[in-house]
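Colleague: One structure follows; several queries about it will come next.
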Number of protein chains: 2
Amino acid sequence: MAEQKRSLDSIFKPRSIAVIGASRHKGSIGREMMHNLIEYEFNGKVFPVNPKADVIHSMKVYDTVLQITDDIDLAIVVVPKQHVPQALEDCGRRGIGGVIVISAGFREVGPEGLRREEELIAICEKYNMRMVGPNCMGVVNTHRNFFLNATFAPTPPLPGNLGFLSQSGAMGVAILEHARELNLGCSMFCSMGNKADVNTIDLLEYWEDDPETQVVLMYLESFGEPRKFTSLARRVVRKKPVLCVKSGRTLAGARAAISHTGALAGLDVAADALFEQTGIIRVGTVETLFDVAMAFSTQPLPMGGRVAVLTDAGGPAIMATDAIISSGMTMAKLSPETEEQLMEILPEEAAFGNPVDMLGHCTADHYKTALPMLLADPGVDAVIALYVPPVIHDPIVVARAIFDGARGAEKPVLTCFMAREDVLNGIKDLGRGIPIYEFPESAVNALAQMLKYKRFLDKPEGVVPILDVDYDTAAGIIDDAVTEGRDYLTTMEGFDLLEAYGIPVANWKLCMGPDDAAAFAAECGFPVVVKLMSPTISHKSDYGGVVVDLRSAEDVKKAVSRILEKVGQADEHIVVDGFLVQQMITGGKETILGVSTDPVFGPMVMFGAGGIYVEVLKDVAFRLAPITEADAADMMRSIRAWPLLKGVRGEDPVRLDMVQDALLRVSQLVNDFKRIVEFDVNPFIASPEEEKCLAVDVRFRLRLVNE
Amino acid sequence: MAEQKRSLDSIFKPRSIAVIGASRHKGSIGREMMHNLIEYEFNGKVFPVNPKADVIHSMKVYDTVLQITDDIDLAIVVVPKQHVPQALEDCGRRGIGGVIVISAGFREVGPEGLRREEELIAICEKYNMRMVGPNCMGVVNTHRNFFLNATFAPTPPLPGNLGFLSQSGAMGVAILEHARELNLGCSMFCSMGNKADVNTIDLLEYWEDDPETQVVLMYLESFGEPRKFTSLARRVVRKKPVLCVKSGRTLAGARAAISHTGALAGLDVAADALFEQTGIIRVGTVETLFDVAMAFSTQPLPMGGRVAVLTDAGGPAIMATDAIISSGMTMAKLSPETEEQLMEILPEEAAFGNPVDMLGHCTADHYKTALPMLLADPGVDAVIALYVPPVIHDPIVVARAIFDGARGAEKPVLTCFMAREDVLNGIKDLGRGIPIYEFPESAVNALAQMLKYKRFLDKPEGVVPILDVDYDTAAGIIDDAVTEGRDYLTTMEGFDLLEAYGIPVANWKLCMGPDDAAAFAAECGFPVVVKLMSPTISHKSDYGGVVVDLRSAEDVKKAVSRILEKVGQADEHIVVDGFLVQQMITGGKETILGVSTDPVFGPMVMFGAGGIYVEVLKDVAFRLAPITEADAADMMRSIRAWPLLKGVRGEDPVRLDMVQDALLRVSQLVNDFKRIVEFDVNPFIASPEEEKCLAVDVRFRLRLVNE
């Protein structure tokens, strides 16, 4: 790009809009678009464009945008697909800064559509015009300077502090409606459609410092440029929480995503790694997205995970307690002072522990008085107030009491009103001060996500260290293999490569026969392992080609001789490179360090419990390369076998610093050499003794084709 | 009980009712109860009882039930707690068959309340009167012969085919309201309160053959008699699905449950085992309970897990696909014939694979025509129809089309309408023929639960086998320990006990010194393990008391001598029972077989991956004892390390029959001897070779106090 792309202001903050394809036929998109702009009281001028109409909504209609003499910032295009290029060409000539293409029939319908979409992109580039869509449902900016509802959604958006972007138009409609039901408002909304120009990255950048947007919500089906996205997201998440539903999680789902949007969806493990590393909060469903957003948009972050539950009924309190414990938080232990205060104001039969059960005949005033007592307790980080309306009460009075009791609190308060819908609606009108859930589990989950975000913010950002390595030797090894047309490295090359990058390997030597094998074994110390090295055999064990736990020079000699004998007896001709004699490491834990490459996200570093368990239990963690020290530490902690590394039953912990260092070197290695597609060190022995933290076996796969 | 307890008919099918404590004060429970009975048009007579009132609702009021001359089946008691015993006494004298005690202030408020509750129980027993409550919100029977709404809930229940019982009164109110929102109706409802008499078991028995009740829903916080419940539930589940929310899952939750209902809540693992074994479908939340109930109450069970998705938008279809795969079902592969049929009727740009995406401009008729095509495909077991309303459509028309298209289908059809609430309400009025969800994941989860139930029904019921064992020897070993006041068995006793019950143990002998140790080792074959046996040492390894992998008689002698030497040097006086010499088993997989006793549910059999992994990864499965063959097979399959047992990388599978047999013998052992509180065989080696499937170590803990 020669020129810097224009800002998105012409799209989100227009002073005047042309609607190309405006219509007055009820039910047509051209009509709904006009209707929404006017009904929402857009602050600027609107010019309908349609050569077949004369007047729409009492407004003069133009044949083309070229006829309009006023300045135009934004054009909304709703004409049939074949007319879109001409419409955009006109916009470009007219100097319009942004377009929203609602029309469908592009990339999403196959090769012909893709060609048509590329035509649109070319026109936008020619005139440096920004485009949202095609195949989208439009954008919203609720700010009172604009009042822009440039969508055809039947539900007008509420103003609020959420910035919301959606990849799916259909989901966009559903989402706006659901948000309204929950009384959730947005600052801006964008249905991105095919993301031909304006994409997730543009919007995240645009909202990064927008003061109106305090929480970013995303519904995504694919990632465009994961590396750029990752570094941008790392920065934005430090400023405001970003919540995301990423669908296409499973392979079948990803296939559906491809057929749907024509985007190449990444494997889910890579997307999960991206979320972990950037601190984006991934939620499973749109329903959860809003439950969580309600809390983020109204409440301060909790400083810790000690939760107090205030209730008028036991059943939901038990459910809340279950959910609190299951999600890794704890039930706050109330101070004696708090308990005393509560005893003074609550009915004698109430339960003063936590949950604080005020019983069914408590009053709204009890909520109002007890809530600040819980909030003032230094052992309480957050309060969840539950209310099940008994016969006599008016829940709206209780809601008001809770709102009053929470006023000015610097700790989050979430509520659950197990009340009928119409009552809930009544409560909503009280304002948006405190999130109200229908079930205790939803409240707890929202709080747990806030705590997760808080803990992410509390961690140091972490840096990708630059470690001292022997780059030239490594490059030489890889180049040699590529020159020979090999897409793999031999074990010996692999060991050399690891050592060049400072990853220690258990003492080894390629020996040629029984005698030098025995001599080297004696030198490096027993027990040792002997492996037949042959480029023509893939299953060494068929020839007894791997012998472990050899405890004397004699045993080593015998083992080598026996392999030679078996190989000699074999039907086929077997090429023998020699015998790898290697120190056998005892007493550590087997781990696996590795790299695999995701077609969209690129190389990912892997860490896991080693040996056969990696295949069966799949106890592994992935992070996108390159990783920071914090990432490496996180990876070790996130596997289920973590307690094994820390030491159980009074064992010493393994040298975590050595494992972390090895992981960082793996990351640097794959970052330095794009030729490396995949490799694993399996096992890497993690031991309490530094000199026993060693790689034992390694496999490398290279890319021969240049990217 | 001398006398058989009365049926619950007088409670659920009364012809006449006395309301003791009836009132006309708005907001009082006595008034709401009267109001609900009359408003819901109860088919029989109602007699208000209240010495302080003369007329209520134009009805004559009686001072006590004794004054009423008509027959009375049921009395509802809403007087203050201190007057309840007298009221019940009057009911008993009057020959009333059933009472519902709404009043609170009993077991749930502590010892004094418990005493009061025991008084009520005694009165009910004296007159053979059945009681629901105390501390409950009443019962419902929607059958047109009764129209009984004996609750004080503000929402009148809809008639339907769900039998619903709730332990929590507060949850009962919330639950009835939520059910009504979803247009879900019940046949009967019971809020059990303190379960002083009528409990879960009574209701399950009562509904077992009730033709109006086709699905049973339960909200439970504790189990009363788990063993009785288990055998009853096994039977009922074969007749109709039983769905359950059991809260108090976590320890903290269980503590909240105790303080709330005074019931002893079981550990969650035992409850989970109970649900697995009985086929009761456990769901996590009340919200999910109803989502799942919607499907069960209206749809046939799927015959398999191949799901077709019909949609007008890509986004939700991706979400549905993700959820289908994640829940273990598969995307159906449509037959070429089905695809051809679809191509004939759908727009050219539609996607004809699965999901079948008819695109946003499809019509209601497309749904109506495409749905039967999918249902007719022999490769499709169920259909999920998704609909996101675009601008132009009326979702109610589409809903009608889907209902029409599914008419008469013998496969389940579930729908998801991502539409605004008021539209949803419009759809609901179409009737209860097909469940409608707001999010695709809820539809998929409901279908997955139906499939789980179907698979449970398809499995043979399983029997608890009676295996040939040497009971007398086992009894002798246990009696000896108890006589000596020991709450444990020695390793040797443990081995003898296992062998008496037919669980093979790796060849072993207690030897007294180096020479006989070496001799036995030579006899049983190398390698062997040597362990110091001493009642005074708990950590043998402190004295080098465990030596593994001894490969010669010489090594054995040396090892024993070295231990003797160390013990001799020790400061304290050490009692040496001898040296356990045992064959060392190589090449199998370590597993753990065991038993632990839950305070509520009794003994549970455990199976898991052995060694250190059992502690760290907690990869274990529990079932309540005694277990059936099917339970044992399930246990093996349900651990994560299952593939290791089946064999990975071309390994032979272990002898699963041997493991299963050992598990059944463990179950029989603990079932035969109530003295056994806890034991584990760790490891039990599971090997491909029958003669290598052996117990290697064992620990038993006994109960000295008689139960």
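To be explicit about the labels: the chains of the structure tokens are called A, B, and onward in the order shown, and within each one the residues are counted from 1, while ligands get numbers from 1 in the order they are shown.
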Fewer than 3 positions away in the same chain doesn't count, so skip those; otherwise give me all residues within 10 Å of A:Phe601, counting only C-alpha atoms, as a PyMOL selection string.
Modeller: chain A and resi 223-227+230+265-267+270-271+273-274+597-598+604+624-625
Colleague: Restricting the output to N, CA and C atoms, write the selected residues as a short mmCIF file (atom, residue, chain, number, x, y, z; two decimals), in the first residue's frame.
Modeller:
data_model
loop_
_atom_site.label_atom_id
_atom_site.label_comp_id
_atom_site.auth_asym_id
_atom_site.auth_seq_id
_atom_site.Cartn_x
_atom_site.Cartn_y
_atom_site.Cartn_z
N PHE A 223 -9.87 -16.08 11.60
CA PHE A 223 -8.90 -15.01 11.82
C PHE A 223 -8.23 -14.66 10.51
N GLY A 224 -8.05 -13.37 10.26
CA GLY A 224 -7.39 -12.96 9.03
C GLY A 224 -5.88 -13.05 9.13
N GLU A 225 -5.29 -12.20 9.97
CA GLU A 225 -3.84 -12.18 10.10
C GLU A 225 -3.51 -12.41 11.56
N PRO A 226 -3.37 -13.68 11.94
CA PRO A 226 -3.27 -14.00 13.38
C PRO A 226 -2.09 -13.33 14.08
N ARG A 227 -0.97 -13.18 13.39
CA ARG A 227 0.19 -12.61 14.08
C ARG A 227 -0.03 -11.14 14.38
N THR A 230 -2.59 -10.89 17.05
CA THR A 230 -2.06 -11.23 18.36
C THR A 230 -1.37 -10.04 19.01
N ALA A 265 -10.57 -21.34 8.38
CA ALA A 265 -10.62 -21.30 9.85
C ALA A 265 -9.47 -22.10 10.42
N GLY A 266 -8.89 -21.57 11.46
CA GLY A 266 -7.75 -22.24 12.07
C GLY A 266 -8.20 -23.39 12.95
N LEU A 267 -7.29 -24.27 13.25
CA LEU A 267 -7.58 -25.33 14.20
C LEU A 267 -7.87 -24.68 15.56
N ALA A 270 -5.01 -23.75 18.16
CA ALA A 270 -4.23 -22.54 17.91
C ALA A 270 -5.01 -21.31 18.36
N ALA A 271 -6.31 -21.31 18.07
CA ALA A 271 -7.13 -20.18 18.51
C ALA A 271 -7.13 -20.09 20.04
N ALA A 273 -4.77 -21.05 22.02
CA ALA A 273 -3.46 -20.53 22.41
C ALA A 273 -3.44 -19.02 22.27
N LEU A 274 -3.98 -18.54 21.14
CA LEU A 274 -4.01 -17.10 20.91
C LEU A 274 -4.79 -16.40 22.03
N THR A 597 2.84 -26.77 13.20
CA THR A 597 2.52 -25.57 12.47
C THR A 597 1.06 -25.58 12.04
N ASP A 598 0.36 -24.56 12.44
CA ASP A 598 -1.04 -24.42 12.05
C ASP A 598 -1.08 -23.66 10.72
N MET A 604 3.45 -23.32 16.46
CA MET A 604 3.02 -23.30 17.85
C MET A 604 3.99 -24.15 18.66
N LEU A 624 1.31 -19.96 20.63
CA LEU A 624 1.84 -19.50 19.36
C LEU A 624 3.26 -19.01 19.55
N ALA A 625 4.15 -19.35 18.62
CA ALA A 625 5.53 -18.89 18.67
C ALA A 625 5.61 -17.48 18.11
#
Colleague: For the strand (DSSP E or B) assignment from backbone DSSP, which residues of stretch 303-488 of chain B qualify? Please present them as a list in words.
Modeller: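 Selecting the strand (DSSP E or B) positions of stretch 303-488 of chain B gives Arg306, Val307, Ala308, Val309, Leu310, Thr311, Thr330, Met331, Ala351, Val356, Asp357, Ala382, Val383, Ile384, Ala385, Leu386, Tyr387, Val413, Leu414, Thr415, Cys416, Phe417, Ile436, Tyr437 and Tyr488 of chain B.
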Colleague: Would you mind exporting the chosen residues as a compact mmCIF listing (two decimals), in the first residue's frame, restricted to N, CA and C atoms?
Modeller:
# COMPACT_ATOMS: atom_id res chain seq x y z
N ARG B 306 -26.44 -39.36 14.37
CA ARG B 306 -26.15 -38.67 13.11
C ARG B 306 -27.17 -37.55 12.89
N VAL B 307 -26.69 -36.32 12.99
CA VAL B 307 -27.60 -35.18 13.03
C VAL B 307 -27.52 -34.39 11.74
N ALA B 308 -28.67 -34.02 11.20
CA ALA B 308 -28.70 -33.10 10.06
C ALA B 308 -29.12 -31.72 10.56
N VAL B 309 -28.50 -30.70 10.01
CA VAL B 309 -28.81 -29.32 10.40
C VAL B 309 -29.38 -28.60 9.18
N LEU B 310 -30.56 -28.00 9.37
CA LEU B 310 -31.22 -27.25 8.31
C LEU B 310 -31.24 -25.80 8.76
N THR B 311 -30.80 -24.88 7.90
CA THR B 311 -30.61 -23.51 8.39
C THR B 311 -30.85 -22.50 7.28
N THR B 330 -22.39 -36.92 15.53
CA THR B 330 -21.71 -36.67 14.25
C THR B 330 -22.66 -35.93 13.31
N MET B 331 -22.06 -35.25 12.32
CA MET B 331 -22.85 -34.61 11.28
C MET B 331 -23.24 -35.71 10.30
N ALA B 351 -26.28 -24.40 0.13
CA ALA B 351 -25.30 -25.46 0.38
C ALA B 351 -26.08 -26.75 0.64
N VAL B 356 -27.34 -28.02 5.79
CA VAL B 356 -28.04 -27.59 4.58
C VAL B 356 -28.40 -26.13 4.79
N ASP B 357 -27.67 -25.25 4.08
CA ASP B 357 -27.87 -23.81 4.26
C ASP B 357 -28.74 -23.30 3.13
N ALA B 382 -31.61 -37.48 13.44
CA ALA B 382 -32.33 -36.36 14.04
C ALA B 382 -32.05 -35.11 13.22
N VAL B 383 -32.97 -34.15 13.29
CA VAL B 383 -32.78 -32.91 12.56
C VAL B 383 -32.88 -31.73 13.52
N ILE B 384 -31.95 -30.81 13.36
CA ILE B 384 -32.04 -29.55 14.08
C ILE B 384 -32.28 -28.46 13.05
N ALA B 385 -33.41 -27.77 13.17
CA ALA B 385 -33.74 -26.71 12.22
C ALA B 385 -33.45 -25.36 12.87
N LEU B 386 -32.64 -24.57 12.19
CA LEU B 386 -32.26 -23.25 12.73
C LEU B 386 -32.93 -22.18 11.89
N TYR B 387 -33.33 -21.12 12.53
CA TYR B 387 -33.94 -20.04 11.77
C TYR B 387 -33.56 -18.70 12.37
N VAL B 413 -37.10 -33.82 16.03
CA VAL B 413 -36.82 -32.54 15.37
C VAL B 413 -36.77 -31.49 16.46
N LEU B 414 -35.68 -30.73 16.51
CA LEU B 414 -35.55 -29.64 17.48
C LEU B 414 -35.30 -28.37 16.68
N THR B 415 -35.73 -27.23 17.20
CA THR B 415 -35.53 -26.01 16.44
C THR B 415 -34.87 -24.94 17.30
N CYS B 416 -34.23 -24.03 16.59
CA CYS B 416 -33.65 -22.88 17.26
C CYS B 416 -34.07 -21.66 16.48
N PHE B 417 -34.79 -20.78 17.15
CA PHE B 417 -35.23 -19.53 16.53
C PHE B 417 -34.48 -18.39 17.19
N ILE B 436 -38.45 -25.42 20.99
CA ILE B 436 -37.85 -24.24 20.37
C ILE B 436 -36.81 -23.66 21.32
N TYR B 437 -35.58 -23.53 20.84
CA TYR B 437 -34.51 -22.99 21.68
C TYR B 437 -34.11 -21.63 21.16
N TYR B 488 -6.51 -52.47 60.57
CA TYR B 488 -5.86 -52.67 59.26
C TYR B 488 -5.47 -54.13 59.16
Colleague: From the set A:Pro653, A:Phe607, A:Gly163, A:His361, which residue has the shortest atom-to-atom contact distance to A:Ser638, counting only C-alpha atoms?
Modeller: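 Closest to A:Ser638, using only C-alpha atoms: A:Phe607.
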Colleague: Write out as a list of chain:residue names which residues come within 8 Å of stretch 498-503 of chain B when counting only C-alpha atoms, dropping same-chain ones fewer than 5 positions away.
Modeller: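 What passes the distance filter is B:Asp468, B:Val469, B:Asp470, B:Tyr471, B:Thr473, B:Ala474, B:Ala662, B:Arg665, B:Leu669, B:Leu694, B:Ala695.
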Colleague: Could you work out how far atom CA of A:Val556 lies from atom CA of B:Val546, giving the answer in Å with one decimal?
Modeller: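 Taking atom CA of B:Val546 and atom CA of A:Val556, their separation equals 28.4 Å.
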Colleague: Restricting the calculation to only C-alpha atoms: of B:Thr321, B:Gln82, B:Thr155, B:Thr628, which residue gets closest to chain A?
Modeller: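 Ranking B:Thr321, B:Gln82, B:Thr155, B:Thr628 by distance to chain A, first place goes to B:Thr321.
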Colleague: Compile the contact shell of B:Arg130 as a ChimeraX atom specification: residues with an atom at most 12 Å away, counting only C-alpha atoms, same-chain residues fewer than 3 positions apart removed.
Modeller: /B:4-12,73-76,88,91-92,95-101,120-127,133-134,195-199,202
Colleague: Suppose we keep N, CA and C atoms; can you now write the selection as a compact mmCIF listing (two decimals), in the first residue's frame?
Modeller:
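Okay, selection14.txt is ready:
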# COMPACT_ATOMS: atom_id res chain seq x y z
N GLN B 4 -49.05 -51.19 56.22
CA GLN B 4 -48.53 -50.58 55.01
C GLN B 4 -48.94 -49.12 54.93
N LYS B 5 -48.01 -48.29 54.43
CA LYS B 5 -48.36 -46.86 54.35
C LYS B 5 -49.42 -46.65 53.29
N ARG B 6 -50.25 -45.64 53.51
CA ARG B 6 -51.29 -45.32 52.56
C ARG B 6 -50.73 -44.85 51.24
N SER B 7 -51.51 -44.98 50.18
CA SER B 7 -51.11 -44.45 48.88
C SER B 7 -51.13 -42.92 48.94
N LEU B 8 -50.50 -42.30 47.96
CA LEU B 8 -50.48 -40.83 47.93
C LEU B 8 -51.73 -40.26 47.28
N ASP B 9 -52.69 -41.12 46.95
CA ASP B 9 -53.89 -40.63 46.27
C ASP B 9 -54.62 -39.55 47.06
N SER B 10 -54.65 -39.71 48.40
CA SER B 10 -55.39 -38.70 49.16
C SER B 10 -54.72 -37.33 49.04
N ILE B 11 -53.41 -37.31 48.72
CA ILE B 11 -52.73 -36.03 48.55
C ILE B 11 -52.89 -35.49 47.13
N PHE B 12 -52.68 -36.37 46.13
CA PHE B 12 -52.69 -35.88 44.74
C PHE B 12 -54.06 -35.99 44.07
N ASP B 73 -60.43 -35.77 52.25
CA ASP B 73 -59.25 -36.56 51.86
C ASP B 73 -57.95 -35.90 52.28
N LEU B 74 -57.90 -34.59 52.10
CA LEU B 74 -56.63 -33.88 52.24
C LEU B 74 -56.80 -32.64 53.10
N ALA B 75 -55.82 -32.40 53.98
CA ALA B 75 -55.80 -31.14 54.70
C ALA B 75 -54.50 -30.40 54.36
N ILE B 76 -54.66 -29.10 54.14
CA ILE B 76 -53.49 -28.26 53.89
C ILE B 76 -53.31 -27.39 55.13
N LEU B 88 -52.66 -31.44 63.12
CA LEU B 88 -52.47 -32.79 62.59
C LEU B 88 -53.21 -33.82 63.43
N CYS B 91 -56.67 -33.76 62.35
CA CYS B 91 -56.81 -34.43 61.05
C CYS B 91 -56.82 -35.94 61.23
N GLY B 92 -55.92 -36.43 62.08
CA GLY B 92 -55.84 -37.86 62.32
C GLY B 92 -57.14 -38.38 62.91
N GLY B 95 -59.80 -38.82 60.53
CA GLY B 95 -59.61 -39.87 59.51
C GLY B 95 -59.16 -39.34 58.16
N ILE B 96 -58.52 -38.17 58.16
CA ILE B 96 -58.03 -37.59 56.90
C ILE B 96 -56.79 -38.37 56.44
N GLY B 97 -56.73 -38.70 55.14
CA GLY B 97 -55.66 -39.57 54.65
C GLY B 97 -54.35 -38.87 54.38
N GLY B 98 -54.40 -37.59 54.07
CA GLY B 98 -53.15 -36.91 53.70
C GLY B 98 -53.12 -35.48 54.16
N VAL B 99 -51.94 -34.99 54.53
CA VAL B 99 -51.79 -33.57 54.88
C VAL B 99 -50.60 -32.98 54.13
N ILE B 100 -50.74 -31.71 53.83
CA ILE B 100 -49.62 -30.96 53.27
C ILE B 100 -49.30 -29.87 54.29
N VAL B 101 -48.11 -29.93 54.88
CA VAL B 101 -47.76 -28.92 55.88
C VAL B 101 -46.86 -27.87 55.23
N LEU B 120 -44.61 -34.35 64.60
CA LEU B 120 -45.51 -34.48 63.45
C LEU B 120 -45.44 -35.89 62.88
N ILE B 121 -44.21 -36.41 62.75
CA ILE B 121 -44.04 -37.75 62.18
C ILE B 121 -44.79 -38.78 63.03
N ALA B 122 -44.68 -38.63 64.34
CA ALA B 122 -45.33 -39.59 65.24
C ALA B 122 -46.85 -39.54 65.07
N ILE B 123 -47.39 -38.34 64.95
CA ILE B 123 -48.85 -38.22 64.77
C ILE B 123 -49.27 -38.89 63.45
N CYS B 124 -48.50 -38.63 62.38
CA CYS B 124 -48.83 -39.22 61.08
C CYS B 124 -48.77 -40.74 61.16
N GLU B 125 -47.78 -41.27 61.86
CA GLU B 125 -47.67 -42.73 61.96
C GLU B 125 -48.84 -43.30 62.75
N LYS B 126 -49.21 -42.59 63.82
CA LYS B 126 -50.29 -43.08 64.66
C LYS B 126 -51.57 -43.27 63.85
N TYR B 127 -51.87 -42.31 62.97
CA TYR B 127 -53.13 -42.36 62.21
C TYR B 127 -52.94 -42.90 60.79
N GLY B 133 -44.15 -32.26 53.30
CA GLY B 133 -43.63 -31.15 54.09
C GLY B 133 -43.03 -31.67 55.38
N PRO B 134 -42.95 -30.87 56.43
CA PRO B 134 -43.31 -29.44 56.49
C PRO B 134 -42.32 -28.58 55.68
N LYS B 195 -39.18 -33.29 53.67
CA LYS B 195 -39.28 -34.72 53.38
C LYS B 195 -39.45 -35.56 54.66
N ALA B 196 -40.22 -35.04 55.62
CA ALA B 196 -40.39 -35.77 56.87
C ALA B 196 -41.10 -37.10 56.62
N ASP B 197 -42.04 -37.13 55.69
CA ASP B 197 -42.66 -38.40 55.33
C ASP B 197 -42.50 -38.64 53.83
N VAL B 198 -43.30 -37.97 53.00
CA VAL B 198 -43.25 -38.21 51.56
C VAL B 198 -41.92 -37.70 51.01
N ASN B 199 -41.21 -38.63 50.32
CA ASN B 199 -39.88 -38.25 49.83
C ASN B 199 -39.72 -38.66 48.37
N ASP B 202 -40.94 -42.18 47.41
CA ASP B 202 -42.40 -42.31 47.33
C ASP B 202 -42.92 -41.76 46.01
